[in-house]
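> Dropping in upload.cif, with mmCIF, C-alpha atoms.
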data_start
#
loop_
_atom_site.group_PDB
_atom_site.id
_atom_site.type_symbol
_atom_site.label_atom_id
_atom_site.label_comp_id
_atom_site.auth_asym_id
_atom_site.auth_seq_id
_atom_site.Cartn_x
_atom_site.Cartn_y
_atom_site.Cartn_z
ATOM 1 C CA MET A 104 -6.362 -25.426 -83.620
ATOM 2 C CA ARG A 105 -6.236 -26.397 -79.948
ATOM 3 C CA PRO A 106 -3.400 -25.036 -77.827
ATOM 4 C CA LEU A 107 -0.991 -27.645 -76.557
ATOM 5 C CA PRO A 108 -1.467 -28.460 -72.889
ATOM 6 C CA HIS A 109 2.198 -28.126 -71.983
ATOM 7 C CA TYR A 110 2.650 -24.716 -73.573
ATOM 8 C CA ARG A 111 3.469 -21.741 -71.436
ATOM 9 C CA ASP A 112 1.220 -18.693 -71.265
ATOM 10 C CA ASN A 113 3.203 -16.893 -73.965
ATOM 11 C CA GLY A 114 2.575 -19.763 -76.357
ATOM 12 C CA GLN A 115 6.121 -21.101 -76.397
ATOM 13 C CA PRO A 116 7.058 -24.556 -75.220
ATOM 14 C CA PHE A 117 9.919 -25.000 -72.834
ATOM 15 C CA SER A 118 12.138 -26.367 -75.585
ATOM 16 C CA VAL A 119 11.952 -23.045 -77.469
ATOM 17 C CA PHE A 120 13.356 -21.396 -74.367
ATOM 18 C CA VAL A 121 16.088 -24.049 -74.188
ATOM 19 C CA TYR A 122 17.037 -23.565 -77.824
ATOM 20 C CA ASP A 123 16.862 -19.794 -77.646
ATOM 21 C CA ILE A 124 19.752 -19.812 -75.214
ATOM 22 C CA ALA A 125 21.752 -21.954 -77.637
ATOM 23 C CA ASP A 126 23.102 -20.589 -80.915
ATOM 24 C CA ARG A 127 21.272 -20.345 -84.220
ATOM 25 C CA LYS A 128 22.755 -23.589 -85.463
ATOM 26 C CA LEU A 129 21.088 -25.474 -82.667
ATOM 27 C CA LEU A 130 17.824 -23.671 -83.361
ATOM 28 C CA GLN A 131 18.138 -24.790 -86.958
ATOM 29 C CA ALA A 132 18.841 -28.311 -85.743
ATOM 30 C CA ARG A 133 15.706 -28.221 -83.684
ATOM 31 C CA ARG A 134 13.661 -27.066 -86.644
ATOM 32 C CA GLU A 135 15.005 -29.925 -88.697
ATOM 33 C CA ILE A 136 14.388 -32.421 -85.940
ATOM 34 C CA LEU A 137 10.857 -31.175 -85.550
ATOM 35 C CA GLY A 138 10.373 -31.320 -89.299
ATOM 36 C CA TRP A 139 11.022 -35.039 -89.175
ATOM 37 C CA PRO A 140 9.595 -37.410 -88.025
ATOM 38 C CA TYR A 141 7.364 -35.624 -85.552
ATOM 39 C CA THR A 142 5.297 -33.473 -87.898
ATOM 40 C CA SER A 143 1.655 -34.317 -88.111
ATOM 41 C CA PRO A 144 -1.390 -32.652 -89.650
ATOM 42 C CA GLY A 145 -2.060 -31.006 -86.305
ATOM 43 C CA ASP A 146 1.166 -29.002 -86.230
ATOM 44 C CA VAL A 147 1.139 -25.434 -85.018
ATOM 45 C CA ALA A 148 3.633 -22.664 -85.677
ATOM 46 C CA VAL A 149 5.425 -20.749 -82.961
ATOM 47 C CA GLY A 150 7.416 -17.873 -84.409
ATOM 48 C CA ASP A 151 9.332 -19.243 -87.380
ATOM 49 C CA VAL A 152 9.681 -22.688 -85.853
ATOM 50 C CA ALA A 153 7.247 -25.394 -86.787
ATOM 51 C CA VAL A 154 6.254 -27.105 -83.586
ATOM 52 C CA SER A 155 4.316 -30.314 -83.707
ATOM 53 C CA ARG A 156 2.306 -31.861 -80.953
ATOM 54 C CA LEU A 157 5.278 -32.974 -78.961
ATOM 55 C CA SER A 158 4.823 -34.718 -75.700
ATOM 56 C CA ILE A 159 6.906 -33.609 -72.775
ATOM 57 C CA ARG A 160 9.044 -36.745 -73.241
ATOM 58 C CA SER A 161 9.739 -35.851 -76.887
ATOM 59 C CA GLN A 162 10.739 -32.377 -75.839
ATOM 60 C CA PHE A 163 12.959 -33.935 -73.200
ATOM 61 C CA VAL A 164 14.675 -36.124 -75.837
ATOM 62 C CA LEU A 165 15.332 -33.074 -78.012
ATOM 63 C CA GLY A 166 16.548 -31.086 -75.044
ATOM 64 C CA LEU A 167 18.944 -33.882 -74.044
ATOM 65 C CA THR A 168 20.354 -34.143 -77.582
ATOM 66 C CA VAL A 169 20.948 -30.410 -77.842
ATOM 67 C CA LEU A 170 22.423 -30.305 -74.354
ATOM 68 C CA ALA A 171 24.733 -33.219 -75.257
ATOM 69 C CA ALA A 172 25.867 -31.441 -78.454
ATOM 70 C CA PHE A 173 26.451 -28.284 -76.436
ATOM 71 C CA LEU A 174 28.460 -30.177 -73.809
ATOM 72 C CA ALA A 175 30.452 -32.085 -76.428
ATOM 73 C CA GLY A 176 31.911 -28.759 -77.514
ATOM 74 C CA PRO A 177 33.288 -27.439 -80.783
ATOM 75 C CA ARG A 178 35.912 -30.202 -81.162
ATOM 76 C CA ARG A 179 33.106 -32.662 -81.909
ATOM 77 C CA ALA A 180 31.352 -30.320 -84.307
ATOM 78 C CA GLY A 181 29.519 -33.094 -86.121
ATOM 79 C CA GLY A 182 27.870 -34.281 -82.929
ATOM 80 C CA ASP A 183 24.408 -32.793 -83.171
ATOM 81 C CA ASP A 184 24.030 -33.485 -86.915
ATOM 82 C CA GLU A 185 25.253 -37.024 -86.417
ATOM 83 C CA TRP A 186 22.964 -37.608 -83.469
ATOM 84 C CA ARG A 187 19.925 -36.272 -85.323
ATOM 85 C CA ALA A 188 20.609 -38.846 -88.025
ATOM 86 C CA HIS A 189 21.008 -41.464 -85.287
ATOM 87 C CA LEU A 190 17.645 -40.621 -83.719
ATOM 88 C CA ALA A 191 15.967 -40.710 -87.125
ATOM 89 C CA GLY A 192 16.398 -44.495 -87.229
ATOM 90 C CA VAL A 193 16.427 -46.343 -90.545
ATOM 91 C CA PRO A 194 13.311 -45.056 -92.317
ATOM 92 C CA GLU A 195 14.232 -46.833 -95.591
ATOM 93 C CA GLU A 196 13.783 -50.114 -93.708
ATOM 94 C CA GLY A 197 10.762 -48.882 -91.780
ATOM 95 C CA ARG A 198 12.755 -48.808 -88.553
ATOM 96 C CA VAL A 199 11.853 -45.799 -86.444
ATOM 97 C CA LEU A 200 13.052 -45.531 -82.873
ATOM 98 C CA SER A 201 10.306 -45.557 -80.298
ATOM 99 C CA LEU A 202 10.089 -42.714 -77.837
ATOM 100 C CA ALA A 203 11.595 -44.896 -75.083
ATOM 101 C CA GLU A 204 14.491 -45.841 -77.383
ATOM 102 C CA GLN A 205 15.030 -42.206 -78.326
ATOM 103 C CA MET A 206 15.106 -41.300 -74.654
ATOM 104 C CA ARG A 207 17.665 -44.043 -73.960
ATOM 105 C CA HIS A 208 19.845 -43.033 -76.914
ATOM 106 C CA ALA A 209 19.651 -39.324 -76.062
ATOM 107 C CA THR A 210 20.777 -40.146 -72.528
ATOM 108 C CA GLY A 211 23.664 -42.061 -74.120
ATOM 109 C CA PHE A 212 24.629 -38.969 -76.165
ATOM 110 C CA LEU A 213 24.713 -36.964 -72.960
ATOM 111 C CA TRP A 214 26.875 -39.594 -71.283
ATOM 112 C CA ALA A 215 29.227 -39.639 -74.282
ATOM 113 C CA ALA A 216 29.550 -35.846 -74.132
ATOM 114 C CA ILE A 217 30.296 -35.978 -70.398
ATOM 115 C CA GLN A 218 32.981 -38.642 -70.992
ATOM 116 C CA TRP A 219 34.577 -36.474 -73.701
ATOM 117 C CA ARG A 220 34.719 -33.528 -71.352
ATOM 118 C CA ILE A 221 36.165 -35.651 -68.533
ATOM 119 C CA SER A 222 38.846 -37.032 -70.878
ATOM 120 C CA ASP A 223 39.649 -33.466 -72.060
ATOM 121 C CA VAL A 224 40.144 -32.362 -68.458
ATOM 122 C CA ALA A 225 42.188 -35.488 -67.632
ATOM 123 C CA ARG A 226 44.385 -34.904 -70.674
ATOM 124 C CA TRP A 227 44.946 -31.282 -69.707
ATOM 125 C CA ALA A 228 45.694 -32.231 -66.097
ATOM 126 C CA GLY A 229 48.050 -35.021 -67.203
ATOM 127 C CA ARG A 230 50.387 -32.756 -69.187
ATOM 128 C CA PRO A 231 52.785 -32.042 -66.285
ATOM 129 C CA LEU A 232 52.889 -35.761 -65.524
ATOM 130 C CA ASP A 233 53.635 -36.558 -69.185
ATOM 131 C CA TRP A 234 56.409 -33.947 -69.130
ATOM 132 C CA ILE A 235 58.023 -35.712 -66.155
ATOM 133 C CA LEU A 236 57.576 -39.168 -67.654
ATOM 134 C CA SER A 237 58.970 -38.232 -71.072
ATOM 135 C CA THR A 238 62.653 -38.454 -69.997
ATOM 136 C CA ASP A 239 64.585 -40.711 -67.629
ATOM 137 C CA SER A 240 66.419 -37.776 -66.039
ATOM 138 C CA ARG A 241 63.115 -36.139 -64.997
ATOM 139 C CA VAL A 242 61.902 -39.433 -63.540
ATOM 140 C CA CYS A 243 65.157 -39.799 -61.552
ATOM 141 C CA SER A 244 64.909 -36.163 -60.402
ATOM 142 C CA THR A 245 61.350 -36.759 -59.190
ATOM 143 C CA VAL A 246 62.437 -39.851 -57.263
ATOM 144 C CA ALA A 247 65.334 -37.855 -55.749
ATOM 145 C CA VAL A 248 62.984 -35.035 -54.716
ATOM 146 C CA VAL A 249 60.540 -37.463 -53.057
ATOM 147 C CA VAL A 250 63.328 -39.261 -51.150
ATOM 148 C CA THR A 251 64.894 -35.927 -50.109
ATOM 149 C CA VAL A 252 61.575 -34.612 -48.820
ATOM 150 C CA ALA A 253 61.072 -37.833 -46.833
ATOM 151 C CA ALA A 254 64.614 -37.567 -45.408
ATOM 152 C CA ILE A 255 64.124 -33.902 -44.444
ATOM 153 C CA HIS A 256 60.876 -34.848 -42.744
ATOM 154 C CA LEU A 257 62.696 -37.563 -40.765
ATOM 155 C CA VAL A 258 65.533 -35.224 -39.754
ATOM 156 C CA ALA A 259 63.164 -32.461 -38.718
ATOM 157 C CA ASP A 260 61.066 -34.909 -36.746
ATOM 158 C CA SER A 261 63.670 -37.039 -34.939
ATOM 159 C CA GLY A 262 67.175 -35.881 -35.815
ATOM 160 C CA LEU A 263 69.911 -36.941 -38.215
ATOM 161 C CA ILE A 264 70.302 -40.416 -36.747
ATOM 162 C CA GLU A 265 66.788 -41.373 -38.039
ATOM 163 C CA ILE A 266 68.089 -41.331 -41.614
ATOM 164 C CA TRP A 267 70.486 -44.139 -40.712
ATOM 165 C CA ARG A 268 67.770 -46.059 -38.862
ATOM 166 C CA ASN A 269 65.195 -45.593 -41.639
ATOM 167 C CA GLY A 270 67.517 -46.248 -44.565
ATOM 168 C CA GLN A 271 65.456 -49.200 -45.705
ATOM 169 C CA ASN A 272 62.260 -47.170 -45.560
ATOM 170 C CA LEU A 273 63.780 -44.353 -47.589
ATOM 171 C CA PHE A 274 64.966 -46.882 -50.140
ATOM 172 C CA ALA A 275 61.437 -48.330 -50.273
ATOM 173 C CA VAL A 276 59.964 -44.850 -50.811
ATOM 174 C CA GLY A 277 62.381 -44.223 -53.679
ATOM 175 C CA ALA A 278 61.838 -47.626 -55.263
ATOM 176 C CA GLY A 279 58.053 -47.313 -54.871
ATOM 177 C CA THR A 280 58.031 -43.872 -56.513
ATOM 178 C CA TRP A 281 60.206 -45.092 -59.374
ATOM 179 C CA GLY A 282 58.021 -48.186 -59.863
ATOM 180 C CA GLY A 283 54.848 -46.098 -59.804
ATOM 181 C CA LEU A 284 56.251 -43.688 -62.394
ATOM 182 C CA MET A 285 57.295 -46.601 -64.616
ATOM 183 C CA LEU A 286 53.786 -48.048 -64.412
ATOM 184 C CA LEU A 287 52.295 -44.644 -65.245
ATOM 185 C CA ARG A 288 54.681 -44.327 -68.188
ATOM 186 C CA ARG A 289 53.526 -47.680 -69.509
ATOM 187 C CA ALA A 290 49.844 -46.916 -68.924
ATOM 188 C CA ARG A 291 50.090 -43.582 -70.738
ATOM 189 C CA GLY A 292 52.045 -45.063 -73.632
ATOM 190 C CA ILE A 293 55.079 -42.818 -73.201
ATOM 191 C CA THR A 294 58.416 -43.844 -74.672
ATOM 192 C CA PRO A 295 61.333 -41.798 -73.274
ATOM 193 C CA VAL A 296 63.374 -39.930 -75.856
ATOM 194 C CA PRO A 297 67.091 -40.894 -75.641
ATOM 195 C CA ARG A 298 69.381 -38.082 -74.515
ATOM 196 C CA LYS A 299 71.478 -38.119 -77.691
ATOM 197 C CA ARG A 300 68.430 -37.691 -79.890
ATOM 198 C CA ARG A 301 67.118 -34.852 -77.737
ATOM 199 C CA LYS A 302 70.476 -33.094 -78.034
ATOM 200 C CA ALA A 303 70.492 -33.573 -81.794
ATOM 201 C CA GLU A 304 66.958 -32.192 -82.082
ATOM 202 C CA LYS A 305 67.901 -29.125 -80.049
ATOM 203 C CA GLU A 306 70.742 -28.175 -82.386
ATOM 204 C CA PRO A 307 69.570 -25.456 -84.797
ATOM 205 C CA GLY A 308 70.744 -27.227 -87.944
ATOM 206 C CA ASN A 309 68.662 -30.302 -87.169
ATOM 207 C CA GLN A 310 65.290 -28.617 -86.680
ATOM 208 C CA MET B 146 51.058 -38.310 -76.948
ATOM 209 C CA ALA B 147 48.187 -40.786 -77.302
ATOM 210 C CA ALA B 148 47.869 -43.500 -74.678
ATOM 211 C CA PRO B 149 47.639 -47.048 -76.050
ATOM 212 C CA LEU B 150 44.153 -48.292 -76.746
ATOM 213 C CA ARG B 151 42.813 -50.772 -74.230
ATOM 214 C CA LEU B 152 41.152 -53.601 -76.087
ATOM 215 C CA THR B 153 38.106 -53.919 -73.880
ATOM 216 C CA LYS B 154 35.167 -56.056 -74.954
ATOM 217 C CA PRO B 155 33.099 -53.015 -76.084
ATOM 218 C CA THR B 156 36.070 -51.753 -78.128
ATOM 219 C CA GLN B 157 36.474 -55.149 -79.752
ATOM 220 C CA ALA B 158 32.744 -55.314 -80.479
ATOM 221 C CA VAL B 159 32.832 -51.905 -82.194
ATOM 222 C CA VAL B 160 35.957 -52.764 -84.203
ATOM 223 C CA ASN B 161 34.454 -56.108 -85.255
ATOM 224 C CA VAL B 162 31.354 -54.321 -86.573
ATOM 225 C CA LEU B 163 33.563 -51.892 -88.464
ATOM 226 C CA MET B 164 35.641 -54.756 -89.886
ATOM 227 C CA GLN B 165 32.536 -56.368 -91.342
ATOM 228 C CA SER B 166 31.321 -53.175 -92.999
ATOM 229 C CA THR B 167 32.315 -52.227 -96.520
ATOM 230 C CA ARG B 168 32.459 -48.993 -98.471
ATOM 231 C CA GLU B 169 29.289 -50.054 -100.306
ATOM 232 C CA ASP B 170 27.473 -50.964 -97.104
ATOM 233 C CA PRO B 171 28.947 -48.641 -94.483
ATOM 234 C CA VAL B 172 27.819 -48.335 -90.886
ATOM 235 C CA TRP B 173 26.852 -45.251 -88.904
ATOM 236 C CA GLY B 174 26.241 -44.595 -85.205
ATOM 237 C CA LEU B 175 22.871 -46.294 -84.840
ATOM 238 C CA ARG B 176 23.926 -49.341 -86.869
ATOM 239 C CA ILE B 177 27.098 -49.761 -84.812
ATOM 240 C CA CYS B 178 25.072 -49.532 -81.592
ATOM 241 C CA GLU B 179 22.642 -52.176 -82.843
ATOM 242 C CA PHE B 180 25.224 -54.600 -84.261
ATOM 243 C CA ALA B 181 27.600 -54.279 -81.301
ATOM 244 C CA ASP B 182 24.695 -54.360 -78.833
ATOM 245 C CA LEU B 183 26.043 -51.290 -77.054
ATOM 246 C CA GLY B 184 24.603 -47.918 -76.122
ATOM 247 C CA PRO B 185 25.634 -44.640 -77.755
ATOM 248 C CA GLY B 186 27.261 -43.565 -74.486
ATOM 249 C CA THR B 187 29.790 -46.357 -75.048
ATOM 250 C CA VAL B 188 30.040 -46.375 -78.842
ATOM 251 C CA TYR B 189 30.702 -42.684 -79.589
ATOM 252 C CA PRO B 190 33.642 -42.280 -77.172
ATOM 253 C CA ILE B 191 35.181 -45.447 -78.654
ATOM 254 C CA LEU B 192 34.720 -44.086 -82.193
ATOM 255 C CA ASP B 193 36.295 -40.808 -81.106
ATOM 256 C CA ARG B 194 39.278 -42.661 -79.646
ATOM 257 C CA LEU B 195 39.691 -44.838 -82.750
ATOM 258 C CA ALA B 196 39.550 -41.752 -84.970
ATOM 259 C CA GLU B 197 42.184 -40.075 -82.792
ATOM 260 C CA LEU B 198 44.466 -43.082 -83.281
ATOM 261 C CA GLY B 199 43.843 -43.054 -87.021
ATOM 262 C CA TRP B 200 42.224 -46.485 -87.000
ATOM 263 C CA ILE B 201 38.995 -45.298 -88.606
ATOM 264 C CA GLU B 202 37.907 -42.750 -91.163
ATOM 265 C CA SER B 203 34.518 -41.097 -91.394
ATOM 266 C CA TRP B 204 32.618 -39.277 -94.086
ATOM 267 C CA TRP B 205 29.235 -37.676 -94.449
ATOM 268 C CA GLU B 206 26.559 -38.963 -96.748
ATOM 269 C CA ALA B 207 27.080 -37.211 -100.077
ATOM 270 C CA GLU B 208 23.525 -36.124 -100.790
ATOM 271 C CA GLN B 209 20.804 -34.925 -98.473
ATOM 272 C CA PRO B 210 18.272 -37.765 -98.387
ATOM 273 C CA ALA B 211 14.568 -37.070 -98.202
ATOM 274 C CA GLY B 212 12.953 -37.487 -94.832
ATOM 275 C CA ARG B 213 16.011 -37.760 -92.620
ATOM 276 C CA PRO B 214 19.265 -35.963 -91.787
ATOM 277 C CA ARG B 215 22.552 -36.958 -93.425
ATOM 278 C CA ARG B 216 24.477 -39.774 -91.776
ATOM 279 C CA ARG B 217 28.107 -39.920 -90.828
ATOM 280 C CA TYR B 218 29.595 -43.228 -91.936
ATOM 281 C CA TYR B 219 32.598 -44.962 -90.397
ATOM 282 C CA GLN B 220 35.112 -47.424 -91.791
ATOM 283 C CA LEU B 221 38.347 -48.997 -90.563
ATOM 284 C CA THR B 222 41.468 -47.788 -92.335
ATOM 285 C CA GLY B 223 44.087 -50.213 -93.615
ATOM 286 C CA ALA B 224 46.456 -49.135 -90.840
ATOM 287 C CA GLY B 225 43.627 -49.597 -88.346
ATOM 288 C CA ARG B 226 43.087 -53.188 -89.466
ATOM 289 C CA LEU B 227 46.780 -53.990 -89.166
ATOM 290 C CA GLU B 228 47.188 -52.301 -85.798
ATOM 291 C CA TYR B 229 44.060 -53.954 -84.442
ATOM 292 C CA ALA B 230 45.327 -57.376 -85.523
ATOM 293 C CA ALA B 231 48.715 -56.661 -83.931
ATOM 294 C CA ALA B 232 47.146 -55.370 -80.697
ATOM 295 C CA LEU B 233 44.853 -58.401 -80.530
ATOM 296 C CA ALA B 234 47.787 -60.790 -81.070
ATOM 297 C CA ALA B 235 49.827 -59.027 -78.375
ATOM 298 C CA ARG B 236 46.895 -59.176 -75.980
ATOM 299 C CA ASN B 237 46.345 -62.878 -76.634
ATOM 300 C CA ALA B 238 50.049 -63.555 -76.107
ATOM 301 C CA ARG B 239 49.942 -61.739 -72.755
ATOM 302 C CA ARG B 240 46.876 -63.734 -71.766
ATOM 303 C CA ARG B 241 48.568 -67.022 -72.638
ATOM 304 C CA TRP B 242 51.519 -65.971 -70.526
ATOM 305 C CA HIS B 243 49.320 -65.124 -67.548
ATOM 306 C CA THR B 244 46.965 -68.080 -67.846
ATOM 307 C CA PHE B 245 47.991 -71.341 -66.250
ATOM 308 C CA ALA B 246 47.931 -73.949 -68.990
ATOM 309 C CA PRO B 247 47.451 -77.450 -67.590
ATOM 310 C CA SER B 248 47.960 -79.051 -71.004
ATOM 311 C CA SER B 249 51.329 -80.499 -69.957
ATOM 312 C CA ALA B 250 49.660 -82.352 -67.074
ATOM 313 C CA GLN B 251 46.787 -83.644 -69.206
ATOM 314 C CA GLY B 252 46.795 -86.689 -71.414
ATOM 315 C CA ARG B 253 49.717 -88.358 -69.722
ATOM 316 C CA PRO B 254 49.319 -92.095 -69.621
ATOM 317 C CA GLY B 255 48.969 -93.648 -66.208
#
Step by step, read the file and then write its structure as structure tokens.

Amino acid sequence: MRPLPHYRDNGQPFSVFVYDIADRKLLQARREILGWPYTSPGDVAVGDVAVSRLSIRSQFVLGLTVLAAFLAGPRRAGGDDEWRAHLAGVPEEGRVLSLAEQMRHATGFLWAAIQWRISDVARWAGRPLDWILSTDSRVCSTVAVVVTVAAIHLVADSGLIEIWRNGQNLFAVGAGTWGGLMLLRRARGITPVPRKRRKAEKEPGNQ
Amino acid sequence: MAAPLRLTKPTQAVVNVLMQSTREDPVWGLRICEFADLGPGTVYPILDRLAELGWIESWWEAEQPAGRPRRRYYQLTGAGRLEYAAALAARNARRRWHTFAPSSAQGRPG
């Protein structure tokens, strides 16, 4: 049995290294992926993992898929299993993805995982904003704080008289902030809870 | 608090594929990509978002088939169908409002 040209000196391909740093589940996934549809009569065994004559591009596809599953995180636990089924094509109809297609799809998995992570971070970062937007009183307080800060800046810069001269500008700052917050509320799908209902929910008997 | 779903063209394409599928002939990731003519980088985040909103349900293939891994199938829920129809109607109404309709100026004699 000829050694594969892209193997390292210790007889392990790069992908084994990649999967060894992942958990056992991913190693199992790799074994299953390698079991189908890449196996050929010329397969060799490395450790307990059956490794077929994979090209560097095939290894790259597998590496991308595992990396995407890793990036997607535990919340999307079905990711790697689902994606292995995706890459398998539709064998019952004789449809097997070509290597170029697999590469394209694996890149898509990676992009999907990156988008999930970005949306997770955005959601986490948007919590304070959602807290402000959830009631009218918090929105009004925010507008008041912004206008006050602008007024203090004016007074510190040019004296008390500037507030009178820049009244229109201060009004525009307040109106702009309020309008921006209303747009954000609409974009994030937040409906403010009426004060009466909030009070009723806070009472111990109504929990 | 989930933000409202934006009915972009890729989202509509994915939902349309899901609407045409049945429990007997369900669709999975690759099929949705092929039928909607979209890449997995677009389709999977949309599926995730639809699942979060409760518009779709998913289930794994019951038995391990020979020669390939098990698939995860997707289907629109009843609520998903209704909410999609409502969202589409609302979107069309907004578009009609924003679009200048010259119908009143057309067809006038003289």
> Compare A:Ala191, A:Ala228, A:Cys243, A:Leu286 by their minimum atom-to-atom distance to chain B, counting all atoms listed in the file, and give me the closest one.
A:Ala191
> To one decimal place in Å, what is the distance between atom CA of B:Tyr229 and atom CA of A:Leu232?
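Distance reported for this atom pair: 27.7 Å.
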> Using only C-alpha atoms, what table do you get, as JSON lines, when you list each residue of chain B with an atom no more than 12 Å from chain A, its nearest pair of atoms, and their distance in Å rounded to one decimal, rows by chain then rising number?

{"residue": "B:Met146", "atom": "CA", "partner": "A:Ile293", "partner_atom": "CA", "distance": 7.1}
{"residue": "B:Ala147", "atom": "CA", "partner": "A:Gly292", "partner_atom": "CA", "distance": 6.8}
{"residue": "B:Ala148", "atom": "CA", "partner": "A:Arg291", "partner_atom": "CA", "distance": 4.5}
{"residue": "B:Pro149", "atom": "CA", "partner": "A:Gly292", "partner_atom": "CA", "distance": 5.4}
{"residue": "B:Leu150", "atom": "CA", "partner": "A:Gly292", "partner_atom": "CA", "distance": 9.1}
{"residue": "B:Arg151", "atom": "CA", "partner": "A:Ala290", "partner_atom": "CA", "distance": 9.6}
{"residue": "B:Val172", "atom": "CA", "partner": "A:His189", "partner_atom": "CA", "distance": 11.2}
{"residue": "B:Trp173", "atom": "CA", "partner": "A:His189", "partner_atom": "CA", "distance": 7.8}
{"residue": "B:Gly174", "atom": "CA", "partner": "A:His189", "partner_atom": "CA", "distance": 6.1}
{"residue": "B:Leu175", "atom": "CA", "partner": "A:His189", "partner_atom": "CA", "distance": 5.2}
{"residue": "B:Arg176", "atom": "CA", "partner": "A:His189", "partner_atom": "CA", "distance": 8.5}
{"residue": "B:Ile177", "atom": "CA", "partner": "A:His189", "partner_atom": "CA", "distance": 10.3}
{"residue": "B:Cys178", "atom": "CA", "partner": "A:His208", "partner_atom": "CA", "distance": 9.6}
{"residue": "B:Glu179", "atom": "CA", "partner": "A:Gly192", "partner_atom": "CA", "distance": 10.8}
{"residue": "B:Leu183", "atom": "CA", "partner": "A:Gly211", "partner_atom": "CA", "distance": 10.0}
{"residue": "B:Gly184", "atom": "CA", "partner": "A:Gly211", "partner_atom": "CA", "distance": 6.3}
{"residue": "B:Pro185", "atom": "CA", "partner": "A:Gly211", "partner_atom": "CA", "distance": 4.9}
{"residue": "B:Gly186", "atom": "CA", "partner": "A:Gly211", "partner_atom": "CA", "distance": 3.9}
{"residue": "B:Thr187", "atom": "CA", "partner": "A:Ala215", "partner_atom": "CA", "distance": 6.8}
{"residue": "B:Val188", "atom": "CA", "partner": "A:Ala215", "partner_atom": "CA", "distance": 8.2}
{"residue": "B:Tyr189", "atom": "CA", "partner": "A:Ala215", "partner_atom": "CA", "distance": 6.3}
{"residue": "B:Pro190", "atom": "CA", "partner": "A:Ala215", "partner_atom": "CA", "distance": 5.9}
{"residue": "B:Ile191", "atom": "CA", "partner": "A:Ala215", "partner_atom": "CA", "distance": 9.4}
{"residue": "B:Leu192", "atom": "CA", "partner": "A:Ala215", "partner_atom": "CA", "distance": 10.6}
{"residue": "B:Asp193", "atom": "CA", "partner": "A:Trp219", "partner_atom": "CA", "distance": 8.8}
{"residue": "B:Arg194", "atom": "CA", "partner": "A:Trp219", "partner_atom": "CA", "distance": 9.8}
{"residue": "B:Ala196", "atom": "CA", "partner": "A:Arg179", "partner_atom": "CA", "distance": 11.6}
{"residue": "B:Glu197", "atom": "CA", "partner": "A:Arg179", "partner_atom": "CA", "distance": 11.8}
{"residue": "B:Ser203", "atom": "CA", "partner": "A:Gly181", "partner_atom": "CA", "distance": 10.8}
{"residue": "B:Trp204", "atom": "CA", "partner": "A:Gly181", "partner_atom": "CA", "distance": 10.5}
{"residue": "B:Trp205", "atom": "CA", "partner": "A:Glu185", "partner_atom": "CA", "distance": 9.0}
{"residue": "B:Glu206", "atom": "CA", "partner": "A:Ala188", "partner_atom": "CA", "distance": 10.6}
{"residue": "B:Gln209", "atom": "CA", "partner": "A:Ala188", "partner_atom": "CA", "distance": 11.2}
{"residue": "B:Pro210", "atom": "CA", "partner": "A:Glu195", "partner_atom": "CA", "distance": 10.3}
{"residue": "B:Ala211", "atom": "CA", "partner": "A:Trp139", "partner_atom": "CA", "distance": 9.9}
{"residue": "B:Gly212", "atom": "CA", "partner": "A:Trp139", "partner_atom": "CA", "distance": 6.5}
{"residue": "B:Arg213", "atom": "CA", "partner": "A:Ala191", "partner_atom": "CA", "distance": 6.2}
{"residue": "B:Pro214", "atom": "CA", "partner": "A:Ala188", "partner_atom": "CA", "distance": 4.9}
{"residue": "B:Arg215", "atom": "CA", "partner": "A:Ala188", "partner_atom": "CA", "distance": 6.0}
{"residue": "B:Arg216", "atom": "CA", "partner": "A:Ala188", "partner_atom": "CA", "distance": 5.5}
{"residue": "B:Arg217", "atom": "CA", "partner": "A:Glu185", "partner_atom": "CA", "distance": 6.0}
{"residue": "B:Tyr218", "atom": "CA", "partner": "A:Glu185", "partner_atom": "CA", "distance": 9.4}
{"residue": "B:Tyr219", "atom": "CA", "partner": "A:Glu185", "partner_atom": "CA", "distance": 11.5}
> If I take atom CA of B:Pro155 and atom CA of B:Phe180, how far is one from the other in Å, to one decimal?
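Distance between the two atoms: 11.5 Å.
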> Put the listed atoms of stretch 231-248 of chain A in a box along x, y and z with 6 Å added on every side and give me the centre and edge lengths in Å to one decimal, as JSON.

{"center_x": 59.6, "center_y": -36.4, "center_z": -62.9, "size_x": 25.6, "size_y": 20.7, "size_z": 28.4}
> To one decimal place in Å, what is the distance between atom CA of B:Leu195 and atom CA of B:Gly225?
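So the two atoms, atom CA of B:Leu195 and atom CA of B:Gly225, lie 8.3 Å apart.
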> Which residues, written as an MDAnalysis selection string, have at least one atom at most 10 Å from B:Gln157, with all atoms listed in the file counted and residues fewer than 4 positions away on the same chain left out?
chainID B and resid 151:153 161:163 181 191 229 233
